[in-house]
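Encoded as structure tokens, the structure appears first; notes follow it.
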Amino acid sequence: MTAPLLSIRDLHLSMSSYDGKAHVLNGIDLTVNRGEIWGLVGESGCGKSLTGLSISQLLPSPPADYMAGEIMLEGRDMLKLPRPELQKLRGNRIGMIFQDPTTNLNPAFRIGDQLVDVALAAARWKPGILDCPPGAGRSERKRAARKLARDMLERVGIPDAGMRLDSYPHQFSGGMRQRVLIAMALIGRPDLLIADEPTTALDVSVQAQILKLLKGCVADYDMGVILITHNLGVVAETCSHVAVMYAGNIVESGPVAAVIERPEHPYTRALMASIPTRDTRRGMLRGLAGSVPNLITPPPGCRFAPRCPHATAACMTGVPAPVRVGRDHAAACIHAKEPETAHV
Amino acid sequence: MSEIMLEIDDVSKIYAGKRGMFGRSHMVEALKHVSLSVRRGESFGLVGESGSGKTTLTRSILQLERPTSGRVLFEGMDLGQLSTAEMRWLRARIQIVFQDPYASLNPRMSVHDIVTEPMLIHRETLGLNRRQRTERAVELLSLVGLGAQHLYRHPHEFSGGQRQRICIARALAPGPDLLVLDEPTSALDVSVQAQVLNLLCELQDKLGLTYFFISHDLGVVRYLCDRLALIYRGEIVEQGDCASVFDAPETEYARALIGAMPEVKVPPAA
């Protein structure tokens, strides 16, 4: 058995602020293999984006401080790599897509030029992607990069890709810009793609197209994907696995079908109960009382305990360890039961 | 029961092209012959994607925008024909809650000032003195799930959900009949969204309000609204009872939109 593509072990991250140190990630464990799409869900401020940024080491330090843990990308610890080494990995091994497609493209350059730049930079470490003989001249490489850019635009479903290379970002709609960013992230053939809320700014019909495209790319390129989102519906329709985050912890993780059919952590259940569905009767939506805890002085024990309807005195002491509740399915709750006793 | 409160009659809005630094911009037909009617006491949902004309229609209802043609009737009165003074009087009865609770509260005003300001503006209609206004502010805060202890705090001390409650309290202050809700929950997390949606249901039952609810989230509209209209490129493509539109959409666009909606099936509570 080979090493997993990405394995995060017991990652602790704190951020300094004027009020003190906030423990924003509190022991994250996550393993992503090729071909898997992991959904990272949770509400604002739960640490899902910070987890994504930590993987590609994009958080400035200070304020970020990794107190413990490791982030292994195929056996290499991202936390210990020197900067130039990291720079080689970004774009080549790890691709990133961010939420807002309007601010992530340079308005002053043509789409084609921006894609060509990325392709040429990626080709410094992965000459294979340009498909031109070794020792090719600059203009030849540039021509090859342009061809690659066109192919990628076609791949993400932009019509007349050859013509659109000469367009500027403002001539594209939001959905098309997000496609361009996906093409840009995929141009270096990354092994791991981190998509941070890629469809939040888009309309539902465009969202459906983008998610379908993302799924297709995983199958074609044999990547691993981390899809950060706050929308459980998106996770249910796109991902193979899901990790639910709350206040810096992964409270429940496992295959999507298992977690959604049988959520074991009270937070996951509360989150699902607050989404209106077909059968929710008017006035019957169950929200979640209280608010997210202050992470500078987090509550002792389980961080969800103050809002949890099932909390007991035991919940206030000690952080609950993940309990196996099914095949690859774990919930960090002391009341979670092993499958034999919980479900017959 | 089925008395019509708000009627939009064949409204069109055309933004003429402007001559700018880089030549002339195109004319935009933001609304094309839109007609719909909202009955007293119901929740009417308006659903559309970005750029479909939702906001233009809302602004036309509030008379922040003059339609190019057509009429907006509130209880049979043509809003376009009213004088400024008459319109100001009527504004007490039509209030709005905006999308972003972080941007729609003045950070330098206390909650007391925010909630009493509409009562001050409409003092001639409402006839409340200073003490009565403060009393009513406390009443409104408790109605939306906040309390007297919050009266002299400022917006930055509140979470997004609480801020949206303050916005709702402010909208309720002049005693409106029609509440225009412009994506009131899209800036909130799902658990907070659930609380706000429940509050809206509760308020409607208590106060008999009529809602004009604008959203791009079909799930929320299905939950809250009795009837809905789908708007696409400035045209109403389908309208009807929520249940029938969701169960048997008639147009291709409605089918596509409902099909694109990501859904989670929630198991019964343990």
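Please note that chains go A, B, ... in the order of the structure tokens, that every chain numbers its residues from 1, and that ligands are numbered from 1 in the order shown.
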Which chain A residues are at most 8 Å from chain B (counting only C-alpha atoms), as number ranges by chain? A: 43-44, 203-205, 207-208, 230, 232-234, 236-237, 260-262, 269-278, 280-288
Pull N, CA and C atoms from the residues just selected and write them as a tab-separated table (two decimals), in the first residue's frame.
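Output (selection-v4.tsv):
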chain	number	residue	atom	x	y	z
A	43	GLU	N	-19.53	26.11	9.15
A	43	GLU	CA	-20.00	27.49	9.04
A	43	GLU	C	-18.81	28.45	9.06
A	44	SER	N	-19.10	29.74	8.86
A	44	SER	CA	-18.01	30.71	8.82
A	44	SER	C	-17.17	30.62	10.08
A	203	ASP	N	-24.49	31.47	-9.80
A	203	ASP	CA	-25.89	31.04	-9.79
A	203	ASP	C	-25.97	29.51	-9.79
A	204	VAL	N	-27.12	28.99	-9.33
A	204	VAL	CA	-27.23	27.53	-9.21
A	204	VAL	C	-27.01	26.77	-10.50
A	205	SER	N	-27.52	27.31	-11.62
A	205	SER	CA	-27.36	26.55	-12.86
A	205	SER	C	-25.89	26.51	-13.27
A	207	GLN	N	-23.40	26.82	-11.14
A	207	GLN	CA	-22.79	26.00	-10.11
A	207	GLN	C	-22.84	24.52	-10.50
A	208	ALA	N	-24.00	24.09	-10.98
A	208	ALA	CA	-24.15	22.69	-11.36
A	208	ALA	C	-23.15	22.33	-12.46
A	230	HIS	N	-19.75	25.70	2.26
A	230	HIS	CA	-20.62	25.68	3.42
A	230	HIS	C	-21.94	25.05	3.05
A	232	LEU	N	-24.05	21.94	2.23
A	232	LEU	CA	-24.09	20.48	2.31
A	232	LEU	C	-24.70	19.86	1.07
A	233	GLY	N	-25.57	20.61	0.41
A	233	GLY	CA	-26.17	20.11	-0.82
A	233	GLY	C	-25.10	19.87	-1.88
A	234	VAL	N	-24.17	20.81	-1.98
A	234	VAL	CA	-23.08	20.69	-2.94
A	234	VAL	C	-22.25	19.44	-2.62
A	236	ALA	N	-23.21	16.76	-0.98
A	236	ALA	CA	-23.97	15.54	-1.22
A	236	ALA	C	-23.96	15.17	-2.69
A	237	GLU	N	-23.93	16.17	-3.57
A	237	GLU	CA	-24.01	15.86	-4.99
A	237	GLU	C	-22.66	15.69	-5.66
A	260	ILE	N	-24.25	11.40	5.50
A	260	ILE	CA	-25.53	12.07	5.28
A	260	ILE	C	-26.71	11.18	5.66
A	261	GLU	N	-26.56	9.88	5.46
A	261	GLU	CA	-27.66	9.00	5.87
A	261	GLU	C	-27.71	8.78	7.37
A	262	ARG	N	-26.52	8.73	7.97
A	262	ARG	CA	-26.49	8.43	9.40
A	262	ARG	C	-25.54	9.37	10.12
A	269	ARG	N	-25.90	16.71	12.67
A	269	ARG	CA	-27.36	16.58	12.63
A	269	ARG	C	-28.03	17.95	12.66
A	270	ALA	N	-27.50	18.85	13.52
A	270	ALA	CA	-28.08	20.19	13.63
A	270	ALA	C	-27.92	20.95	12.32
A	271	LEU	N	-26.75	20.79	11.70
A	271	LEU	CA	-26.47	21.48	10.45
A	271	LEU	C	-27.45	21.02	9.37
A	272	MET	N	-27.67	19.71	9.33
A	272	MET	CA	-28.57	19.18	8.32
A	272	MET	C	-30.01	19.57	8.59
A	273	ALA	N	-30.36	19.67	9.87
A	273	ALA	CA	-31.74	20.01	10.20
A	273	ALA	C	-32.05	21.48	9.91
A	274	SER	N	-31.01	22.30	9.74
A	274	SER	CA	-31.31	23.71	9.48
A	274	SER	C	-31.42	24.03	8.00
A	275	ILE	N	-31.30	23.02	7.14
A	275	ILE	CA	-31.49	23.26	5.71
A	275	ILE	C	-32.94	22.95	5.36
A	276	PRO	N	-33.65	23.93	4.79
A	276	PRO	CA	-35.04	23.62	4.43
A	276	PRO	C	-35.10	22.63	3.26
A	277	THR	N	-35.86	21.59	3.39
A	277	THR	CA	-36.00	20.63	2.30
A	277	THR	C	-37.46	20.56	1.87
A	278	ARG	N	-37.69	19.74	0.92
A	278	ARG	CA	-39.01	19.51	0.35
A	278	ARG	C	-40.07	19.25	1.42
A	280	THR	N	-39.87	19.95	4.72
A	280	THR	CA	-39.90	20.77	5.91
A	280	THR	C	-41.17	21.61	5.91
A	281	ARG	N	-41.97	21.47	6.95
A	281	ARG	CA	-43.18	22.27	7.01
A	281	ARG	C	-42.85	23.65	7.55
A	282	ARG	N	-43.66	24.63	7.12
A	282	ARG	CA	-43.47	26.02	7.51
A	282	ARG	C	-43.37	26.16	9.03
A	283	GLY	N	-42.34	26.89	9.48
A	283	GLY	CA	-42.16	27.13	10.91
A	283	GLY	C	-41.53	25.95	11.64
A	284	MET	N	-41.20	24.88	10.91
A	284	MET	CA	-40.68	23.70	11.58
A	284	MET	C	-39.17	23.52	11.39
A	285	LEU	N	-38.54	24.52	10.82
A	285	LEU	CA	-37.09	24.42	10.61
A	285	LEU	C	-36.39	24.51	11.95
A	286	ARG	N	-35.44	23.60	12.18
A	286	ARG	CA	-34.75	23.65	13.46
A	286	ARG	C	-33.39	24.32	13.30
A	287	GLY	N	-33.25	25.49	13.84
A	287	GLY	CA	-31.97	26.17	13.80
A	287	GLY	C	-31.09	25.68	14.92
A	288	LEU	N	-29.96	26.34	15.09
A	288	LEU	CA	-29.03	25.95	16.13
A	288	LEU	C	-28.90	27.14	17.07
Enumerate the residues of stretch 97-218 of chain A with a DSSP assignment of strand (DSSP E), computed from the backbone, and present them as a ChimeraX atom specification. /A:97,192-196
Based on the selection just made, write N, CA and C atoms of those residues as a PDB file, in the first residue's frame.
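The resulting result27.pdb:
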ATOM      1  N   ILE A  97      -8.123  26.863  -6.311  1.00  0.00           N
ATOM      2  CA  ILE A  97      -9.157  27.708  -6.913  1.00  0.00           C
ATOM      3  C   ILE A  97      -9.822  28.449  -5.767  1.00  0.00           C
ATOM      4  N   LEU A 192      -3.123  17.349  -6.362  1.00  0.00           N
ATOM      5  CA  LEU A 192      -4.119  17.709  -5.364  1.00  0.00           C
ATOM      6  C   LEU A 192      -4.704  19.064  -5.746  1.00  0.00           C
ATOM      7  N   LEU A 193      -6.023  19.133  -5.793  1.00  0.00           N
ATOM      8  CA  LEU A 193      -6.673  20.402  -6.115  1.00  0.00           C
ATOM      9  C   LEU A 193      -7.440  20.863  -4.892  1.00  0.00           C
ATOM     10  N   ILE A 194      -7.198  22.095  -4.469  1.00  0.00           N
ATOM     11  CA  ILE A 194      -7.936  22.646  -3.341  1.00  0.00           C
ATOM     12  C   ILE A 194      -8.865  23.721  -3.892  1.00  0.00           C
ATOM     13  N   ALA A 195     -10.153  23.486  -3.784  1.00  0.00           N
ATOM     14  CA  ALA A 195     -11.121  24.436  -4.318  1.00  0.00           C
ATOM     15  C   ALA A 195     -11.849  25.067  -3.136  1.00  0.00           C
ATOM     16  N   ASP A 196     -11.572  26.350  -2.909  1.00  0.00           N
ATOM     17  CA  ASP A 196     -12.141  27.034  -1.750  1.00  0.00           C
ATOM     18  C   ASP A 196     -13.401  27.782  -2.183  1.00  0.00           C
TER      19      ASP A 196
END
Determine, counting only C-alpha atoms, which protein, DNA and RNA residues have an atom within 12 Å of an atom of A:Glu140; residues of the same chain fewer than 6 positions away are not included. Present the result as a PyMOL selection string. chain A and resi 120+130-134+146-147
Dump of C-alpha atoms for the selected residues, as a compact mmCIF listing (two decimals), in the first residue's frame:
# COMPACT_ATOMS: atom_id res chain seq x y z
CA LEU A 120 5.51 28.26 -18.70
CA LEU A 130 4.23 21.41 -22.90
CA ASP A 131 4.84 18.46 -25.18
CA CYS A 132 7.83 19.96 -27.03
CA PRO A 133 11.33 18.53 -27.50
CA PRO A 134 13.99 19.23 -24.86
CA ARG A 146 -0.47 28.71 -25.97
CA LYS A 147 -1.70 25.50 -27.51
Could you pull the residues within 12 Å of B:Ile61, counting only C-alpha atoms, minus those fewer than 3 positions along the same chain, as a PyMOL selection string? chain B and resi 6-9+11+34+36-38+54-58+64-67+70-74+78-80+87+90-91+94-96+178-180+212
Write out the residues from the selection above, keeping C-alpha atoms, as a PDB file, in the first residue's frame.
ATOM      1  CA  LEU B   6     -49.615  44.907  -4.477  1.00  0.00           C
ATOM      2  CA  GLU B   7     -50.111  44.766  -8.185  1.00  0.00           C
ATOM      3  CA  ILE B   8     -47.413  45.125 -10.778  1.00  0.00           C
ATOM      4  CA  ASP B   9     -49.093  45.854 -14.051  1.00  0.00           C
ATOM      5  CA  VAL B  11     -43.989  47.138 -15.922  1.00  0.00           C
ATOM      6  CA  VAL B  34     -43.737  42.203 -15.902  1.00  0.00           C
ATOM      7  CA  LEU B  36     -47.773  40.004 -10.999  1.00  0.00           C
ATOM      8  CA  SER B  37     -49.945  40.473  -7.967  1.00  0.00           C
ATOM      9  CA  VAL B  38     -49.356  39.865  -4.282  1.00  0.00           C
ATOM     10  CA  LYS B  54     -34.950  41.052  -9.361  1.00  0.00           C
ATOM     11  CA  THR B  55     -33.393  44.183  -7.932  1.00  0.00           C
ATOM     12  CA  THR B  56     -34.800  46.488 -10.607  1.00  0.00           C
ATOM     13  CA  LEU B  57     -38.274  45.159  -9.878  1.00  0.00           C
ATOM     14  CA  THR B  58     -37.780  45.686  -6.144  1.00  0.00           C
ATOM     15  CA  LEU B  64     -36.575  54.218  -6.014  1.00  0.00           C
ATOM     16  CA  GLU B  65     -36.688  53.683  -9.749  1.00  0.00           C
ATOM     17  CA  ARG B  66     -39.324  54.974 -12.185  1.00  0.00           C
ATOM     18  CA  PRO B  67     -40.517  52.266 -14.542  1.00  0.00           C
ATOM     19  CA  GLY B  70     -46.525  50.217 -16.645  1.00  0.00           C
ATOM     20  CA  ARG B  71     -47.925  50.793 -13.178  1.00  0.00           C
ATOM     21  CA  VAL B  72     -47.204  49.685  -9.630  1.00  0.00           C
ATOM     22  CA  LEU B  73     -50.396  49.642  -7.577  1.00  0.00           C
ATOM     23  CA  PHE B  74     -50.464  49.416  -3.802  1.00  0.00           C
ATOM     24  CA  ASP B  78     -50.836  54.042  -8.519  1.00  0.00           C
ATOM     25  CA  LEU B  79     -47.509  54.761  -6.843  1.00  0.00           C
ATOM     26  CA  GLY B  80     -46.224  56.591  -9.907  1.00  0.00           C
ATOM     27  CA  MET B  87     -45.308  58.650  -1.117  1.00  0.00           C
ATOM     28  CA  LEU B  90     -47.056  55.418   2.182  1.00  0.00           C
ATOM     29  CA  ARG B  91     -43.464  54.382   2.819  1.00  0.00           C
ATOM     30  CA  ILE B  94     -43.924  49.385   2.761  1.00  0.00           C
ATOM     31  CA  GLN B  95     -40.619  48.550   4.398  1.00  0.00           C
ATOM     32  CA  ILE B  96     -37.552  46.670   3.254  1.00  0.00           C
ATOM     33  CA  LEU B 178     -45.857  44.898   3.264  1.00  0.00           C
ATOM     34  CA  LEU B 179     -42.305  43.808   3.946  1.00  0.00           C
ATOM     35  CA  VAL B 180     -39.923  43.554   1.002  1.00  0.00           C
ATOM     36  CA  PHE B 212     -42.393  40.036  -0.966  1.00  0.00           C
TER      37      PHE B 212
END
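If you measure from each of A:Pro300, A:Gly248, A:Pro107, A:Gly75 to A:Ala22 using only C-alpha atoms, the closest one turns out to be A:Gly248.
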Give me the residues near A:Leu86 as an mmCIF file with C-alpha atoms, in the first residue's frame, where near means some atom within 12 Å (using only C-alpha atoms) and where sequence neighbours in that chain fewer than 2 positions away do not count.
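The resulting around21.cif:
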data_model
loop_
_atom_site.group_PDB
_atom_site.id
_atom_site.type_symbol
_atom_site.label_atom_id
_atom_site.label_comp_id
_atom_site.auth_asym_id
_atom_site.auth_seq_id
_atom_site.Cartn_x
_atom_site.Cartn_y
_atom_site.Cartn_z
ATOM 1 C CA SER A 54 -2.244 25.498 5.445
ATOM 2 C CA ILE A 55 -1.854 22.667 2.953
ATOM 3 C CA SER A 56 -0.276 24.965 0.379
ATOM 4 C CA GLN A 57 1.458 26.961 3.117
ATOM 5 C CA LEU A 58 -0.081 30.245 2.069
ATOM 6 C CA LEU A 73 2.132 15.375 0.630
ATOM 7 C CA ARG A 76 7.048 15.056 2.339
ATOM 8 C CA ASP A 77 6.142 17.326 5.229
ATOM 9 C CA MET A 78 4.946 20.684 3.887
ATOM 10 C CA LEU A 79 5.644 22.327 7.236
ATOM 11 C CA LYS A 80 9.360 21.555 7.019
ATOM 12 C CA LEU A 81 10.040 22.364 3.373
ATOM 13 C CA PRO A 82 12.117 25.459 2.580
ATOM 14 C CA ARG A 83 10.423 28.210 0.573
ATOM 15 C CA PRO A 84 11.915 27.465 -2.867
ATOM 16 C CA LYS A 88 7.907 24.253 -6.867
ATOM 17 C CA LEU A 89 5.006 22.327 -5.380
ATOM 18 C CA ARG A 90 2.437 25.091 -5.731
ATOM 19 C CA GLY A 91 0.802 24.905 -9.128
ATOM 20 C CA ASN A 92 2.567 21.662 -9.987
ATOM 21 C CA ARG A 93 1.529 19.329 -7.215
ATOM 22 C CA ILE A 94 -1.115 21.495 -5.569
#
May I have all residues of stretch 1-243 of chain B that DSSP, computed from the backbone, assigns to alpha helix (DSSP H), given as a ChimeraX atom specification? /B:54-61,84-91,111-121,123-126,130-143,160-172,190-207,218-224,242-243
For A:Phe109, list every protein, DNA or RNA residue within 8 Å, evaluated using only C-alpha atoms, and leave out those in the same chain fewer than 5 positions away; present the list as a PDB file with N, CA and C atoms, in the first residue's frame.
ATOM      1  N   GLN A 114      -2.317  35.191 -19.450  1.00  0.00           N
ATOM      2  CA  GLN A 114      -2.258  34.759 -18.047  1.00  0.00           C
ATOM      3  C   GLN A 114      -2.106  33.243 -17.965  1.00  0.00           C
ATOM      4  N   TYR A 168     -10.221  39.752 -22.653  1.00  0.00           N
ATOM      5  CA  TYR A 168      -9.848  40.196 -21.312  1.00  0.00           C
ATOM      6  C   TYR A 168     -10.856  39.642 -20.310  1.00  0.00           C
ATOM      7  N   PRO A 169     -10.474  39.538 -19.028  1.00  0.00           N
ATOM      8  CA  PRO A 169     -11.401  38.974 -18.039  1.00  0.00           C
ATOM      9  C   PRO A 169     -12.767  39.651 -18.007  1.00  0.00           C
TER      10      PRO A 169
END
Using only C-alpha atoms, which protein or nucleic acid residues come within 12 Å of A:Gly112? Drop anything in the same chain fewer than 6 positions from it, and give the result as an MDAnalysis selection string. chainID A and resid 105:106 118:119 142:143 145:153 161:169 180:181 183:184
Take the residues that were just selected and, keeping N, CA and C atoms, output them as an mmCIF file, in the first residue's frame.
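Dumped to out-v4.cif:
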data_model
loop_
_atom_site.group_PDB
_atom_site.id
_atom_site.type_symbol
_atom_site.label_atom_id
_atom_site.label_comp_id
_atom_site.auth_asym_id
_atom_site.auth_seq_id
_atom_site.Cartn_x
_atom_site.Cartn_y
_atom_site.Cartn_z
ATOM 1 N N LEU A 105 -8.324 37.173 -11.374
ATOM 2 C CA LEU A 105 -7.708 37.320 -12.685
ATOM 3 C C LEU A 105 -7.249 38.765 -12.811
ATOM 4 N N ASN A 106 -6.117 38.948 -13.439
ATOM 5 C CA ASN A 106 -5.620 40.306 -13.621
ATOM 6 C C ASN A 106 -6.397 40.980 -14.748
ATOM 7 N N VAL A 118 1.281 30.871 -16.596
ATOM 8 C CA VAL A 118 1.183 29.777 -15.630
ATOM 9 C C VAL A 118 1.759 28.502 -16.228
ATOM 10 N N ALA A 119 1.452 28.261 -17.512
ATOM 11 C CA ALA A 119 1.936 27.050 -18.164
ATOM 12 C C ALA A 119 3.458 27.049 -18.236
ATOM 13 N N LYS A 142 6.742 28.902 -26.034
ATOM 14 C CA LYS A 142 5.597 29.791 -25.869
ATOM 15 C C LYS A 142 4.426 29.339 -26.736
ATOM 16 N N ARG A 143 4.761 28.905 -27.961
ATOM 17 C CA ARG A 143 3.714 28.441 -28.859
ATOM 18 C C ARG A 143 3.048 27.196 -28.274
ATOM 19 N N ALA A 145 2.896 26.419 -25.119
ATOM 20 C CA ALA A 145 2.119 26.815 -23.936
ATOM 21 C C ALA A 145 0.770 27.384 -24.358
ATOM 22 N N ARG A 146 0.772 28.123 -25.485
ATOM 23 C CA ARG A 146 -0.473 28.705 -25.968
ATOM 24 C C ARG A 146 -1.433 27.610 -26.439
ATOM 25 N N LYS A 147 -0.863 26.605 -27.051
ATOM 26 C CA LYS A 147 -1.699 25.495 -27.506
ATOM 27 C C LYS A 147 -2.298 24.784 -26.291
ATOM 28 N N LEU A 148 -1.451 24.609 -25.265
ATOM 29 C CA LEU A 148 -1.931 23.960 -24.040
ATOM 30 C C LEU A 148 -3.049 24.792 -23.397
ATOM 31 N N ALA A 149 -2.847 26.117 -23.396
ATOM 32 C CA ALA A 149 -3.856 27.002 -22.815
ATOM 33 C C ALA A 149 -5.183 26.840 -23.550
ATOM 34 N N ARG A 150 -5.097 26.757 -24.897
ATOM 35 C CA ARG A 150 -6.318 26.607 -25.680
ATOM 36 C C ARG A 150 -6.995 25.269 -25.363
ATOM 37 N N ASP A 151 -6.177 24.219 -25.295
ATOM 38 C CA ASP A 151 -6.732 22.897 -24.992
ATOM 39 C C ASP A 151 -7.431 22.889 -23.635
ATOM 40 N N MET A 152 -6.784 23.549 -22.662
ATOM 41 C CA MET A 152 -7.378 23.560 -21.321
ATOM 42 C C MET A 152 -8.701 24.324 -21.309
ATOM 43 N N LEU A 153 -8.741 25.457 -22.026
ATOM 44 C CA LEU A 153 -9.989 26.221 -22.087
ATOM 45 C C LEU A 153 -11.087 25.387 -22.726
ATOM 46 N N ALA A 161 -12.436 28.478 -27.929
ATOM 47 C CA ALA A 161 -11.313 28.700 -27.016
ATOM 48 C C ALA A 161 -10.180 29.478 -27.676
ATOM 49 N N GLY A 162 -9.893 29.153 -28.952
ATOM 50 C CA GLY A 162 -8.788 29.819 -29.644
ATOM 51 C C GLY A 162 -8.988 31.323 -29.697
ATOM 52 N N MET A 163 -10.235 31.748 -29.959
ATOM 53 C CA MET A 163 -10.548 33.174 -30.029
ATOM 54 C C MET A 163 -10.536 33.806 -28.645
ATOM 55 N N ARG A 164 -11.078 33.085 -27.679
ATOM 56 C CA ARG A 164 -11.242 33.657 -26.348
ATOM 57 C C ARG A 164 -9.920 33.889 -25.633
ATOM 58 N N LEU A 165 -8.843 33.272 -26.125
ATOM 59 C CA LEU A 165 -7.521 33.513 -25.523
ATOM 60 C C LEU A 165 -7.170 34.991 -25.557
ATOM 61 N N ASP A 166 -7.681 35.690 -26.574
ATOM 62 C CA ASP A 166 -7.350 37.108 -26.716
ATOM 63 C C ASP A 166 -8.329 38.020 -25.990
ATOM 64 N N SER A 167 -9.282 37.444 -25.251
ATOM 65 C CA SER A 167 -10.230 38.270 -24.514
ATOM 66 C C SER A 167 -9.639 38.700 -23.183
ATOM 67 N N TYR A 168 -10.221 39.752 -22.653
ATOM 68 C CA TYR A 168 -9.848 40.196 -21.312
ATOM 69 C C TYR A 168 -10.856 39.642 -20.310
ATOM 70 N N PRO A 169 -10.474 39.538 -19.028
ATOM 71 C CA PRO A 169 -11.401 38.974 -18.039
ATOM 72 C C PRO A 169 -12.767 39.651 -18.007
ATOM 73 N N VAL A 180 -12.080 29.600 -16.287
ATOM 74 C CA VAL A 180 -10.703 29.978 -16.612
ATOM 75 C C VAL A 180 -9.791 29.664 -15.429
ATOM 76 N N LEU A 181 -10.271 29.968 -14.221
ATOM 77 C CA LEU A 181 -9.447 29.708 -13.034
ATOM 78 C C LEU A 181 -9.250 28.211 -12.822
ATOM 79 N N ALA A 183 -9.171 26.042 -15.287
ATOM 80 C CA ALA A 183 -8.195 25.695 -16.320
ATOM 81 C C ALA A 183 -6.791 26.065 -15.844
ATOM 82 N N MET A 184 -6.680 27.229 -15.208
ATOM 83 C CA MET A 184 -5.385 27.708 -14.732
ATOM 84 C C MET A 184 -4.835 26.801 -13.626
#
Tell me, in Å to one decimal, how far atom CA of B:Arg136 is from atom CA of B:Leu105. 19.0 Å
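Here atom CA of A:Pro306 stands at a distance of 13.4 Å from atom CA of A:Cys333.
Atom CA of B:Thr84 sits 20.9 Å away from atom CA of B:Ala173.
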